[in-house]
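**Q** Just query.cif, nothing more (mmCIF, C-alpha atoms and all ligand atoms):
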```
data_upload
#
loop_
_atom_site.group_PDB
_atom_site.id
_atom_site.type_symbol
_atom_site.label_atom_id
_atom_site.label_comp_id
_atom_site.auth_asym_id
_atom_site.auth_seq_id
_atom_site.Cartn_x
_atom_site.Cartn_y
_atom_site.Cartn_z
ATOM 1 C CA ALA G 1 6.541 -49.741 -29.599
ATOM 2 C CA THR G 2 7.229 -46.237 -28.372
ATOM 3 C CA PRO G 3 6.449 -45.307 -24.757
ATOM 4 C CA THR G 4 3.610 -43.196 -26.135
ATOM 5 C CA ALA G 5 2.122 -46.168 -27.993
ATOM 6 C CA VAL G 6 2.266 -48.254 -24.818
ATOM 7 C CA MET G 7 0.563 -45.473 -22.881
ATOM 8 C CA VAL G 8 -2.143 -45.223 -25.512
ATOM 9 C CA GLY G 9 -2.608 -49.001 -25.493
ATOM 10 C CA THR G 10 -2.909 -49.088 -21.713
ATOM 11 C CA GLY G 11 -5.403 -46.212 -21.866
ATOM 12 C CA VAL G 12 -7.521 -47.937 -24.512
ATOM 13 C CA GLY G 13 -7.529 -51.048 -22.303
ATOM 14 C CA ALA G 14 -8.636 -49.057 -19.264
ATOM 15 C CA SER G 15 -11.464 -47.435 -21.215
ATOM 16 C CA GLN G 16 -12.702 -50.931 -22.072
ATOM 17 C CA GLY G 17 -12.473 -52.252 -18.536
ATOM 18 C CA ILE G 18 -9.161 -54.036 -19.077
ATOM 19 C CA LEU G 19 -6.753 -52.960 -16.366
ATOM 20 C CA ILE G 20 -3.169 -53.482 -17.545
ATOM 21 C CA LYS G 21 -0.603 -53.166 -14.773
ATOM 22 C CA GLY G 22 2.290 -51.668 -16.696
ATOM 23 C CA GLY G 23 3.950 -51.744 -20.097
ATOM 24 C CA GLN G 24 5.565 -55.145 -19.639
ATOM 25 C CA ALA G 25 2.189 -56.833 -19.192
ATOM 26 C CA LEU G 26 0.902 -55.189 -22.366
ATOM 27 C CA GLU G 27 4.028 -56.243 -24.238
ATOM 28 C CA ASN G 28 3.979 -59.872 -23.062
ATOM 29 C CA ALA G 29 0.371 -60.353 -24.140
ATOM 30 C CA HIS G 30 1.146 -60.174 -27.878
ATOM 31 C CA LYS G 31 3.490 -63.153 -27.628
ATOM 32 C CA VAL G 32 0.913 -65.416 -25.955
ATOM 33 C CA ASN G 33 0.337 -68.671 -27.846
ATOM 34 C CA CYS G 34 -1.272 -70.662 -25.050
ATOM 35 C CA VAL G 35 -4.029 -69.741 -22.588
ATOM 36 C CA VAL G 36 -4.563 -71.773 -19.427
ATOM 37 C CA PHE G 37 -8.088 -71.404 -18.057
ATOM 38 C CA ASP G 38 -9.277 -72.208 -14.557
ATOM 39 C CA LYS G 39 -12.706 -73.875 -14.649
ATOM 40 C CA THR G 40 -14.873 -72.763 -11.734
ATOM 41 C CA GLY G 41 -15.744 -69.063 -11.918
ATOM 42 C CA THR G 42 -13.603 -68.576 -15.020
ATOM 43 C CA LEU G 43 -15.062 -70.778 -17.767
ATOM 44 C CA THR G 44 -18.191 -71.422 -15.710
ATOM 45 C CA ILE G 45 -20.480 -68.815 -14.187
ATOM 46 C CA GLY G 46 -19.157 -69.695 -10.743
ATOM 47 C CA LYS G 47 -22.528 -69.616 -9.003
ATOM 48 C CA PRO G 48 -23.180 -73.331 -8.627
ATOM 49 C CA VAL G 49 -26.603 -74.614 -7.614
ATOM 50 C CA VAL G 50 -27.649 -77.867 -5.968
ATOM 51 C CA VAL G 51 -29.632 -79.893 -8.500
ATOM 52 C CA ASN G 52 -29.922 -83.302 -6.862
ATOM 53 C CA THR G 53 -29.581 -84.999 -3.478
ATOM 54 C CA LYS G 54 -29.475 -88.693 -2.617
ATOM 55 C CA LEU G 55 -29.643 -89.730 1.018
ATOM 56 C CA PHE G 56 -28.443 -93.028 2.501
ATOM 57 C CA THR G 57 -29.962 -92.399 5.921
ATOM 58 C CA ASN G 58 -33.397 -92.043 7.473
ATOM 59 C CA MET G 59 -32.721 -88.366 8.109
ATOM 60 C CA VAL G 60 -35.106 -86.021 6.314
ATOM 61 C CA LEU G 61 -33.726 -83.621 3.704
ATOM 62 C CA ARG G 62 -34.118 -80.573 5.920
ATOM 63 C CA GLU G 63 -32.251 -82.126 8.803
ATOM 64 C CA PHE G 64 -29.481 -83.374 6.501
ATOM 65 C CA TYR G 65 -28.977 -79.926 4.987
ATOM 66 C CA GLU G 66 -28.979 -78.319 8.419
ATOM 67 C CA LEU G 67 -25.850 -80.307 9.292
ATOM 68 C CA VAL G 68 -24.248 -79.724 5.891
ATOM 69 C CA ALA G 69 -24.945 -75.982 6.039
ATOM 70 C CA ALA G 70 -23.491 -75.744 9.544
ATOM 71 C CA ALA G 71 -20.308 -77.438 8.333
ATOM 72 C CA GLU G 72 -20.053 -75.277 5.185
ATOM 73 C CA VAL G 73 -21.211 -71.865 6.425
ATOM 74 C CA ASN G 74 -17.659 -70.784 7.303
ATOM 75 C CA SER G 75 -16.196 -71.801 3.940
ATOM 76 C CA GLU G 76 -15.617 -69.234 1.183
ATOM 77 C CA HIS G 77 -15.807 -71.886 -1.524
ATOM 78 C CA PRO G 78 -18.505 -71.416 -4.226
ATOM 79 C CA LEU G 79 -19.652 -75.002 -3.630
ATOM 80 C CA ALA G 80 -20.119 -74.224 0.068
ATOM 81 C CA LYS G 81 -22.203 -71.176 -0.852
ATOM 82 C CA ALA G 82 -24.364 -73.384 -3.089
ATOM 83 C CA VAL G 83 -25.206 -75.852 -0.335
ATOM 84 C CA VAL G 84 -25.868 -73.114 2.234
ATOM 85 C CA GLU G 85 -28.195 -71.355 -0.244
ATOM 86 C CA TYR G 86 -30.056 -74.600 -0.819
ATOM 87 C CA ALA G 87 -30.357 -75.266 2.915
ATOM 88 C CA LYS G 88 -31.768 -71.756 3.399
ATOM 89 C CA ARG G 89 -34.411 -72.351 0.774
ATOM 90 C CA LEU G 90 -35.414 -75.620 2.443
ATOM 91 C CA ARG G 91 -35.888 -73.674 5.662
ATOM 92 C CA ASP G 92 -37.565 -70.808 3.807
ATOM 93 C CA GLU G 93 -35.573 -68.393 5.968
ATOM 94 C CA GLU G 94 -33.247 -65.580 4.970
ATOM 95 C CA ASN G 95 -30.866 -65.882 7.940
ATOM 96 C CA PRO G 96 -31.410 -69.187 9.687
ATOM 97 C CA ILE G 97 -29.409 -70.033 12.777
ATOM 98 C CA TRP G 98 -27.442 -73.167 12.001
ATOM 99 C CA PRO G 99 -26.398 -75.693 14.643
ATOM 100 C CA GLU G 100 -23.244 -74.745 16.503
ATOM 101 C CA VAL G 101 -19.950 -75.792 14.946
ATOM 102 C CA ARG G 102 -16.668 -76.713 16.599
ATOM 103 C CA ASP G 103 -13.252 -77.485 15.114
ATOM 104 C CA PHE G 104 -14.037 -76.239 11.611
ATOM 105 C CA VAL G 105 -11.234 -76.960 9.135
ATOM 106 C CA SER G 106 -11.189 -76.102 5.469
ATOM 107 C CA ILE G 107 -9.113 -78.601 3.487
ATOM 108 C CA ALA G 108 -8.017 -76.804 0.315
ATOM 109 C CA GLY G 109 -9.078 -78.587 -2.850
ATOM 110 C CA HIS G 110 -10.894 -81.317 -0.920
ATOM 111 C CA GLY G 111 -13.659 -79.925 1.275
ATOM 112 C CA VAL G 112 -14.423 -79.183 4.912
ATOM 113 C CA LYS G 113 -14.483 -80.961 8.255
ATOM 114 C CA ALA G 114 -16.328 -79.850 11.392
ATOM 115 C CA MET G 115 -17.917 -81.082 14.575
ATOM 116 C CA VAL G 116 -21.667 -80.451 14.585
ATOM 117 C CA ARG G 117 -23.856 -81.732 17.440
ATOM 118 C CA ASN G 118 -20.885 -83.783 18.638
ATOM 119 C CA LYS G 119 -20.654 -85.586 15.331
ATOM 120 C CA GLU G 120 -17.834 -85.323 12.846
ATOM 121 C CA ILE G 121 -19.146 -84.074 9.508
ATOM 122 C CA LEU G 122 -17.083 -84.279 6.320
ATOM 123 C CA VAL G 123 -18.266 -82.524 3.158
ATOM 124 C CA GLY G 124 -16.178 -82.791 0.017
ATOM 125 C CA ASN G 125 -14.787 -84.962 -2.734
ATOM 126 C CA LYS G 126 -13.612 -88.579 -2.929
ATOM 127 C CA THR G 127 -10.091 -87.706 -1.843
ATOM 128 C CA LEU G 128 -11.436 -86.158 1.361
ATOM 129 C CA MET G 129 -13.277 -89.409 2.091
ATOM 130 C CA VAL G 130 -10.303 -91.639 1.216
ATOM 131 C CA ASP G 131 -8.006 -89.533 3.391
ATOM 132 C CA HIS G 132 -10.366 -90.065 6.342
ATOM 133 C CA ASN G 133 -10.880 -93.795 5.722
ATOM 134 C CA VAL G 134 -14.526 -93.335 4.771
ATOM 135 C CA ALA G 135 -15.768 -96.184 2.557
ATOM 136 C CA LEU G 136 -17.871 -95.180 -0.473
ATOM 137 C CA PRO G 137 -21.010 -97.289 -1.012
ATOM 138 C CA VAL G 138 -21.493 -98.570 -4.585
ATOM 139 C CA ASP G 139 -24.704 -96.503 -4.875
ATOM 140 C CA ALA G 140 -22.757 -93.365 -4.060
ATOM 141 C CA GLU G 141 -20.112 -94.186 -6.679
ATOM 142 C CA GLU G 142 -22.868 -94.577 -9.277
ATOM 143 C CA ILE G 143 -24.484 -91.255 -8.451
ATOM 144 C CA LEU G 144 -21.119 -89.504 -8.563
ATOM 145 C CA ALA G 145 -20.348 -90.964 -11.988
ATOM 146 C CA GLU G 146 -23.757 -89.905 -13.321
ATOM 147 C CA ALA G 147 -23.294 -86.368 -12.020
ATOM 148 C CA GLU G 148 -19.813 -86.099 -13.541
ATOM 149 C CA ALA G 149 -21.039 -87.331 -16.925
ATOM 150 C CA MET G 150 -23.534 -84.430 -16.888
ATOM 151 C CA ALA G 151 -20.721 -81.971 -16.076
ATOM 152 C CA GLN G 152 -21.995 -81.620 -12.501
ATOM 153 C CA THR G 153 -19.820 -81.855 -9.401
ATOM 154 C CA GLY G 154 -20.718 -84.525 -6.867
ATOM 155 C CA ILE G 155 -20.232 -83.738 -3.185
ATOM 156 C CA ILE G 156 -20.107 -86.468 -0.562
ATOM 157 C CA VAL G 157 -21.286 -86.034 3.036
ATOM 158 C CA SER G 158 -20.263 -88.326 5.876
ATOM 159 C CA ILE G 159 -21.236 -88.357 9.538
ATOM 160 C CA ASN G 160 -18.829 -90.094 11.917
ATOM 161 C CA ARG G 161 -17.020 -91.557 8.898
ATOM 162 C CA GLU G 162 -20.127 -93.021 7.313
ATOM 163 C CA VAL G 163 -21.492 -91.737 3.998
ATOM 164 C CA VAL G 164 -25.005 -90.382 4.568
ATOM 165 C CA GLY G 165 -25.608 -88.552 1.322
ATOM 166 C CA VAL G 166 -24.360 -87.372 -2.041
ATOM 167 C CA LEU G 167 -25.400 -84.162 -3.702
ATOM 168 C CA ALA G 168 -24.917 -82.893 -7.229
ATOM 169 C CA VAL G 169 -24.110 -79.304 -8.015
ATOM 170 C CA SER G 170 -24.346 -77.663 -11.408
ATOM 171 C CA ASP G 171 -22.298 -74.694 -12.561
ATOM 172 C CA PRO G 172 -23.013 -73.955 -16.228
ATOM 173 C CA LEU G 173 -20.536 -72.537 -18.739
ATOM 174 C CA LYS G 174 -20.480 -68.782 -19.302
ATOM 175 C CA PRO G 175 -22.428 -67.985 -22.465
ATOM 176 C CA ALA G 176 -19.324 -66.743 -24.329
ATOM 177 C CA ALA G 177 -17.026 -69.595 -23.322
ATOM 178 C CA GLN G 178 -17.315 -71.778 -26.435
ATOM 179 C CA GLU G 179 -16.906 -68.866 -28.800
ATOM 180 C CA VAL G 180 -13.855 -67.537 -26.984
ATOM 181 C CA ILE G 181 -12.116 -70.911 -27.257
ATOM 182 C CA SER G 182 -12.919 -71.187 -30.951
ATOM 183 C CA ILE G 183 -11.719 -67.631 -31.694
ATOM 184 C CA LEU G 184 -8.472 -68.325 -29.819
ATOM 185 C CA LYS G 185 -8.011 -71.409 -31.981
ATOM 186 C CA SER G 186 -8.407 -69.268 -35.099
ATOM 187 C CA MET G 187 -5.760 -66.917 -33.664
ATOM 188 C CA LYS G 188 -3.394 -69.925 -33.327
ATOM 189 C CA VAL G 189 -3.610 -69.756 -29.552
ATOM 190 C CA ARG G 190 -3.917 -73.084 -27.754
ATOM 191 C CA SER G 191 -6.389 -73.394 -24.841
ATOM 192 C CA ILE G 192 -5.910 -75.618 -21.801
ATOM 193 C CA MET G 193 -8.085 -76.104 -18.718
ATOM 194 C CA VAL G 194 -6.770 -76.668 -15.177
ATOM 195 C CA THR G 195 -9.057 -77.308 -12.245
ATOM 196 C CA GLY G 196 -9.158 -78.646 -8.729
ATOM 197 C CA ASP G 197 -12.400 -80.409 -9.613
ATOM 198 C CA ASN G 198 -12.460 -84.145 -10.414
ATOM 199 C CA TRP G 199 -11.501 -85.665 -13.781
ATOM 200 C CA GLY G 200 -15.015 -86.766 -14.741
ATOM 201 C CA THR G 201 -16.609 -83.336 -14.346
ATOM 202 C CA ALA G 202 -13.556 -81.604 -15.802
ATOM 203 C CA ASN G 203 -13.594 -83.751 -18.954
ATOM 204 C CA SER G 204 -17.339 -83.194 -19.452
ATOM 205 C CA ILE G 205 -16.963 -79.415 -19.162
ATOM 206 C CA ALA G 206 -13.897 -79.385 -21.432
ATOM 207 C CA LYS G 207 -15.762 -81.314 -24.097
ATOM 208 C CA GLU G 208 -18.688 -78.892 -23.895
ATOM 209 C CA VAL G 209 -16.452 -75.843 -24.272
ATOM 210 C CA GLY G 210 -14.145 -77.323 -26.931
ATOM 211 C CA ILE G 211 -10.920 -77.676 -24.958
ATOM 212 C CA GLU G 212 -8.826 -80.763 -25.677
ATOM 213 C CA THR G 213 -6.172 -80.578 -22.986
ATOM 214 C CA VAL G 214 -7.341 -80.891 -19.383
ATOM 215 C CA ILE G 215 -5.564 -81.119 -16.033
ATOM 216 C CA ALA G 216 -7.937 -82.009 -13.180
ATOM 217 C CA GLU G 217 -7.604 -82.552 -9.427
ATOM 218 C CA ALA G 218 -4.843 -79.936 -9.447
ATOM 219 C CA LYS G 219 -3.724 -78.261 -6.232
ATOM 220 C CA PRO G 220 -2.762 -74.569 -6.459
ATOM 221 C CA GLU G 221 0.957 -75.422 -6.756
ATOM 222 C CA GLN G 222 0.214 -77.952 -9.491
ATOM 223 C CA LYS G 223 -1.639 -75.294 -11.473
ATOM 224 C CA ALA G 224 1.542 -73.213 -11.341
ATOM 225 C CA GLU G 225 3.678 -76.270 -12.272
ATOM 226 C CA GLN G 226 1.499 -76.785 -15.317
ATOM 227 C CA VAL G 227 2.152 -73.204 -16.427
ATOM 228 C CA LYS G 228 5.911 -73.689 -15.933
ATOM 229 C CA ASP G 229 5.904 -76.960 -17.908
ATOM 230 C CA LEU G 230 4.210 -75.211 -20.821
ATOM 231 C CA GLN G 231 6.783 -72.421 -20.663
ATOM 232 C CA ALA G 232 9.598 -74.980 -20.590
ATOM 233 C CA SER G 233 8.225 -76.476 -23.798
ATOM 234 C CA GLY G 234 8.437 -73.090 -25.494
ATOM 235 C CA HIS G 235 4.967 -71.647 -24.890
ATOM 236 C CA LYS G 236 4.204 -68.057 -23.954
ATOM 237 C CA VAL G 237 1.487 -68.603 -21.413
ATOM 238 C CA ALA G 238 -1.450 -66.527 -20.251
ATOM 239 C CA MET G 239 -3.279 -67.839 -17.177
ATOM 240 C CA VAL G 240 -6.893 -66.804 -16.602
ATOM 241 C CA GLY G 241 -8.352 -67.366 -13.137
ATOM 242 C CA ASP G 242 -10.497 -65.995 -10.341
ATOM 243 C CA GLY G 243 -9.602 -67.885 -7.172
ATOM 244 C CA ILE G 244 -7.056 -67.861 -4.378
ATOM 245 C CA ASN G 245 -6.058 -71.276 -5.700
ATOM 246 C CA ASP G 246 -5.149 -69.690 -9.045
ATOM 247 C CA SER G 247 -2.749 -67.088 -7.615
ATOM 248 C CA PRO G 248 0.495 -69.116 -7.870
ATOM 249 C CA ALA G 249 -0.313 -69.900 -11.520
ATOM 250 C CA LEU G 250 -1.233 -66.255 -12.223
ATOM 251 C CA VAL G 251 2.185 -65.224 -10.900
ATOM 252 C CA ALA G 252 4.035 -67.964 -12.819
ATOM 253 C CA ALA G 253 2.396 -67.126 -16.174
ATOM 254 C CA ASP G 254 3.912 -64.705 -18.701
ATOM 255 C CA VAL G 255 0.607 -62.871 -18.421
ATOM 256 C CA GLY G 256 -1.712 -63.486 -15.475
ATOM 257 C CA MET G 257 -5.282 -62.382 -16.137
ATOM 258 C CA ALA G 258 -7.758 -62.174 -13.259
ATOM 259 C CA ILE G 259 -11.522 -62.146 -13.573
ATOM 260 C CA GLY G 260 -12.695 -58.850 -12.009
ATOM 261 C CA ALA G 261 -15.395 -60.594 -9.995
ATOM 262 C CA GLY G 262 -12.757 -62.926 -8.547
ATOM 263 C CA THR G 263 -11.025 -62.883 -5.177
ATOM 264 C CA ASP G 264 -8.775 -59.965 -4.163
ATOM 265 C CA ILE G 265 -5.780 -62.285 -3.957
ATOM 266 C CA ALA G 266 -6.173 -63.337 -7.599
ATOM 267 C CA ILE G 267 -6.605 -59.709 -8.679
ATOM 268 C CA GLU G 268 -3.409 -58.746 -6.874
ATOM 269 C CA ALA G 269 -1.460 -61.657 -8.353
ATOM 270 C CA ALA G 270 -2.500 -60.806 -11.929
ATOM 271 C CA ASP G 271 -0.837 -58.552 -14.544
ATOM 272 C CA ILE G 272 -4.130 -57.770 -16.223
ATOM 273 C CA VAL G 273 -7.568 -57.516 -14.598
ATOM 274 C CA LEU G 274 -10.686 -58.105 -16.682
ATOM 275 C CA MET G 275 -12.872 -55.647 -14.771
ATOM 276 C CA LYS G 276 -16.103 -56.570 -16.567
ATOM 277 C CA SER G 277 -15.480 -60.268 -15.898
ATOM 278 C CA ASN G 278 -16.143 -60.988 -19.577
ATOM 279 C CA LEU G 279 -14.239 -63.915 -21.018
ATOM 280 C CA GLU G 280 -14.182 -62.139 -24.419
ATOM 281 C CA ASP G 281 -11.788 -59.636 -22.902
ATOM 282 C CA VAL G 282 -9.026 -62.279 -22.913
ATOM 283 C CA ILE G 283 -9.118 -61.854 -26.694
ATOM 284 C CA THR G 284 -9.497 -58.069 -26.513
ATOM 285 C CA ALA G 285 -6.374 -57.869 -24.332
ATOM 286 C CA ILE G 286 -4.277 -60.029 -26.684
ATOM 287 C CA ASP G 287 -5.573 -58.048 -29.680
ATOM 288 C CA LEU G 288 -4.744 -54.743 -28.066
ATOM 289 C CA SER G 289 -1.204 -55.916 -27.369
ATOM 290 C CA ARG G 290 -0.803 -57.253 -30.913
ATOM 291 C CA LYS G 291 -1.961 -53.891 -32.311
ATOM 292 C CA THR G 292 0.384 -51.939 -30.038
ATOM 293 C CA PHE G 293 3.448 -54.095 -30.636
ATOM 294 C CA SER G 294 3.221 -55.306 -34.218
ATOM 295 C CA ARG G 295 3.296 -51.975 -36.064
ATOM 296 C CA ILE G 296 6.494 -50.344 -34.901
ATOM 297 C CA ARG G 297 9.368 -52.775 -35.147
HETATM 298 P P1 LIG R 301 -11.483 -75.270 -8.669
HETATM 299 O O1 LIG R 301 -10.075 -75.342 -9.208
HETATM 300 O O2 LIG R 301 -12.443 -75.879 -9.640
HETATM 301 O O3 LIG R 301 -11.873 -73.849 -8.320
HETATM 302 P P2 LIG R 301 -10.921 -76.275 -5.860
HETATM 303 O O4 LIG R 301 -9.463 -76.604 -5.954
HETATM 304 O O5 LIG R 301 -11.279 -75.079 -5.068
HETATM 305 O O6 LIG R 301 -11.600 -76.238 -7.347
HETATM 306 O O7 LIG R 301 -11.682 -77.540 -5.214
HETATM 307 C C1 LIG R 301 -11.520 -78.835 -5.769
HETATM 308 C C2 LIG R 301 -12.623 -79.759 -5.328
HETATM 309 O O8 LIG R 301 -12.590 -79.946 -3.889
HETATM 310 C C3 LIG R 301 -14.025 -79.269 -5.614
HETATM 311 O O9 LIG R 301 -14.428 -79.541 -6.915
HETATM 312 C C4 LIG R 301 -14.828 -80.055 -4.571
HETATM 313 O O10 LIG R 301 -15.063 -81.364 -5.024
HETATM 314 C C5 LIG R 301 -13.912 -80.106 -3.385
HETATM 315 N N1 LIG R 301 -14.184 -78.993 -2.440
HETATM 316 C C6 LIG R 301 -13.359 -77.955 -2.143
HETATM 317 N N2 LIG R 301 -13.904 -77.150 -1.219
HETATM 318 C C7 LIG R 301 -15.132 -77.661 -0.924
HETATM 319 C C8 LIG R 301 -16.186 -77.285 -0.041
HETATM 320 N N3 LIG R 301 -16.122 -76.211 0.748
HETATM 321 N N4 LIG R 301 -17.283 -78.062 -0.016
HETATM 322 C C9 LIG R 301 -17.381 -79.165 -0.781
HETATM 323 N N5 LIG R 301 -16.417 -79.568 -1.641
HETATM 324 C C10 LIG R 301 -15.307 -78.849 -1.715
HETATM 325 MG MG MG R 302 -12.022 -70.743 -9.909
#
```
As structure tokens, please, write out the structure in this file.
**A**
Amino acid sequence: ATPTAVMVGTGVGASQGILIKGGQALENAHKVNCVVFDKTGTLTIGKPVVVNTKLFTNMVLREFYELVAAAEVNSEHPLAKAVVEYAKRLRDEENPIWPEVRDFVSIAGHGVKAMVRNKEILVGNKTLMVDHNVALPVDAEEILAEAEAMAQTGIIVSINREVVGVLAVSDPLKPAAQEVISILKSMKVRSIMVTGDNWGTANSIAKEVGIETVIAEAKPEQKAEQVKDLQASGHKVAMVGDGINDSPALVAADVGMAIGAGTDIAIEAADIVLMKSNLEDVITAIDLSRKTFSRIR
């Protein structure tokens, strides 16, 4: 393509809310034959809501959520926002004052740990519990499995290393997700999902959206490794993501595409920004590149 054609292509993208950072990004997009999607906030809406709670303690719901909210209020994670929102609604207050927190630590891909009222609170997934020698009651295992089968994410809460409750959070697919995957298929582009979420939930979501290849429980570096493996097997890879945890993979990909509503770090790491946060624009971007680069050869 001529420099003028590339400029026109980039301009057309911009007018449609697709920010293409330079001619190379536009050029690479027409070679893409594999798209790796992050799950949370990319394929799903990314505003999870608490849909179920099971307590294994004589604490009342309000008291339980007070502790959980205190532990999670300093986390940026969408799941943390979901539990804090739920706790607020239980209190029926816009800006409640949560119990004081000491020693807050966010454990990437696993959850959070904090001291609240002189008790150690852990909120997160199974790995977080295993890593802290917290035993999972059979009842809790069952509830987690049920949640995962319904494409929900189960979150476990322990106090002083004892499981006191499990909650289920639902984050539905974006309305366009299924169609985007099926159009990509018709364009001979393979779709893959990578997520830090657990295998059960990941498989349920993948099935719903029509993706066959899934990598779950992936740390940020493993998301990037996945991209590199696909490249090593001859794929031209686009990565679509919204989170800090997607940035290494966005950089590794031939074309990194960030969801506009995502974190600043993801937007910086990407070659293309989908300003309207529409999943359809993954296709629009590839199309635009194909149109710009297939004519003049
Ligand atoms: P994703 O790739 O889906 O955006 P992450 O890598 O951020 O997921 O997190 C992986 C998993 O770790 C989550 O699905 C959740 O089970 C657990 N987790 C991470 N952060 C938190 C948190 N603040 N509260 C509860 N669970 C969390
Ligand atoms: Mg995400």
**Q** Mind listing whatever residues come within 12 Å of the point (-17.5, -81.7, -9.3)? Use only C-alpha atoms, file coordinates, and give them as a PyMOL selection string.
**A** chain G and resi 39-40+48-50+78-79+109-111+124-126+143-156+166-172+195-205+216-217
**Q** Report the distance between atom CA of Asp287 of chain G and atom CA of Met275 of chain G in Å, rounded to one decimal place.
**A**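 Atom-to-atom, atom CA of Asp287 of chain G and atom CA of Met275 of chain G are spaced 16.8 Å apart.
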**Q** Name the residues, by chain letter and number, that sit within 6 Å of ligand MG 302 (chain R) using only C-alpha atoms and all ligand atoms, and give them as a list in words.
**A**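 Every residue with an atom at most 6 Å from ligand MG 302 (chain R) is listed here: Asp38, Lys39, Thr40, Gly41, Thr42, Gly241, Asp242 and Gly243 of chain G.
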**Q** Residue by residue, what does the PyMOL selection byres (((chain G and resi 25-27) around 7) and not hetatm) grab here? Present the result as a list in words.
**A**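 Applied to this file, the PyMOL selection byres (((chain G and resi 25-27) around 7) and not hetatm) returns Ile20, Lys21, Gly22, Gly23, Gln24, Asn28, Ala29, His30, Val255, Asp271, Ser289 and Phe293 of chain G.
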**Q** Just to be explicit: take each residue in the selection above, keep C-alpha atoms, and write the result as a short mmCIF file (atom, residue, chain, number, x, y, z; two decimals), keeping the file's coordinate frame.
**A**
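Wrote part_25.cif, looks like this:
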```
data_model
loop_
_atom_site.label_atom_id
_atom_site.label_comp_id
_atom_site.auth_asym_id
_atom_site.auth_seq_id
_atom_site.Cartn_x
_atom_site.Cartn_y
_atom_site.Cartn_z
CA ILE G 20 -3.17 -53.48 -17.55
CA LYS G 21 -0.60 -53.17 -14.77
CA GLY G 22 2.29 -51.67 -16.70
CA GLY G 23 3.95 -51.74 -20.10
CA GLN G 24 5.56 -55.14 -19.64
CA ASN G 28 3.98 -59.87 -23.06
CA ALA G 29 0.37 -60.35 -24.14
CA HIS G 30 1.15 -60.17 -27.88
CA VAL G 255 0.61 -62.87 -18.42
CA ASP G 271 -0.84 -58.55 -14.54
CA SER G 289 -1.20 -55.92 -27.37
CA PHE G 293 3.45 -54.10 -30.64
#
```
**Q** Within 8 Å of Trp98 of chain G, counting only C-alpha atoms, which residues qualify if same-chain residues fewer than 3 places away don't, as a list in words?
**A**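 These residues fall inside the cut-off: Glu66, Leu67, Ala69 and Ala70 of chain G.
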**Q** Can you list, as a PyMOL selection string, the residues that the PyMOL selection byres (((chain G and resi 225-238) around 6) and not hetatm) selects here?
**A** chain G and resi 32-35+222-224+239+253-256
**Q** Which residue gives the smallest distance to ligand LIG 301 (chain R) among G:Val6, G:Leu128, G:Val251, G:Ala14, with all atoms listed in the file counted?
**A**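 The shortest atom-to-atom distance to ligand LIG 301 (chain R) comes from G:Leu128.
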**Q** As an exercise, work out the distance from atom CA of Glu141 of chain G to atom CA of Val83 of chain G in Å and give it to one decimal place.
**A**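 That distance, rounded to one decimal, is 20.1 Å.
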**Q** Just to confirm, what's the straight-line distance from atom CA of Val8 of chain G to atom CA of Ile181 of chain G in Å (one decimal)?
**A**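 Answer for the atom CA of Val8 of chain G to atom CA of Ile181 of chain G separation: 27.6 Å.
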**Q** Taking all atoms listed in the file into account, name the residue in G:Ala71, G:Leu136, G:Ile272, G:Val209 that is nearest to Thr10 of chain G.
**A** G:Ile272
**Q** Given the choices G:Gln178, G:Asn58, G:Asn74, G:Asn160, which gets closest to Leu279 of chain G if the distance is worked out from only C-alpha atoms?
**A**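 Nearest candidate to Leu279 of chain G out of G:Gln178, G:Asn58, G:Asn74, G:Asn160: G:Gln178.
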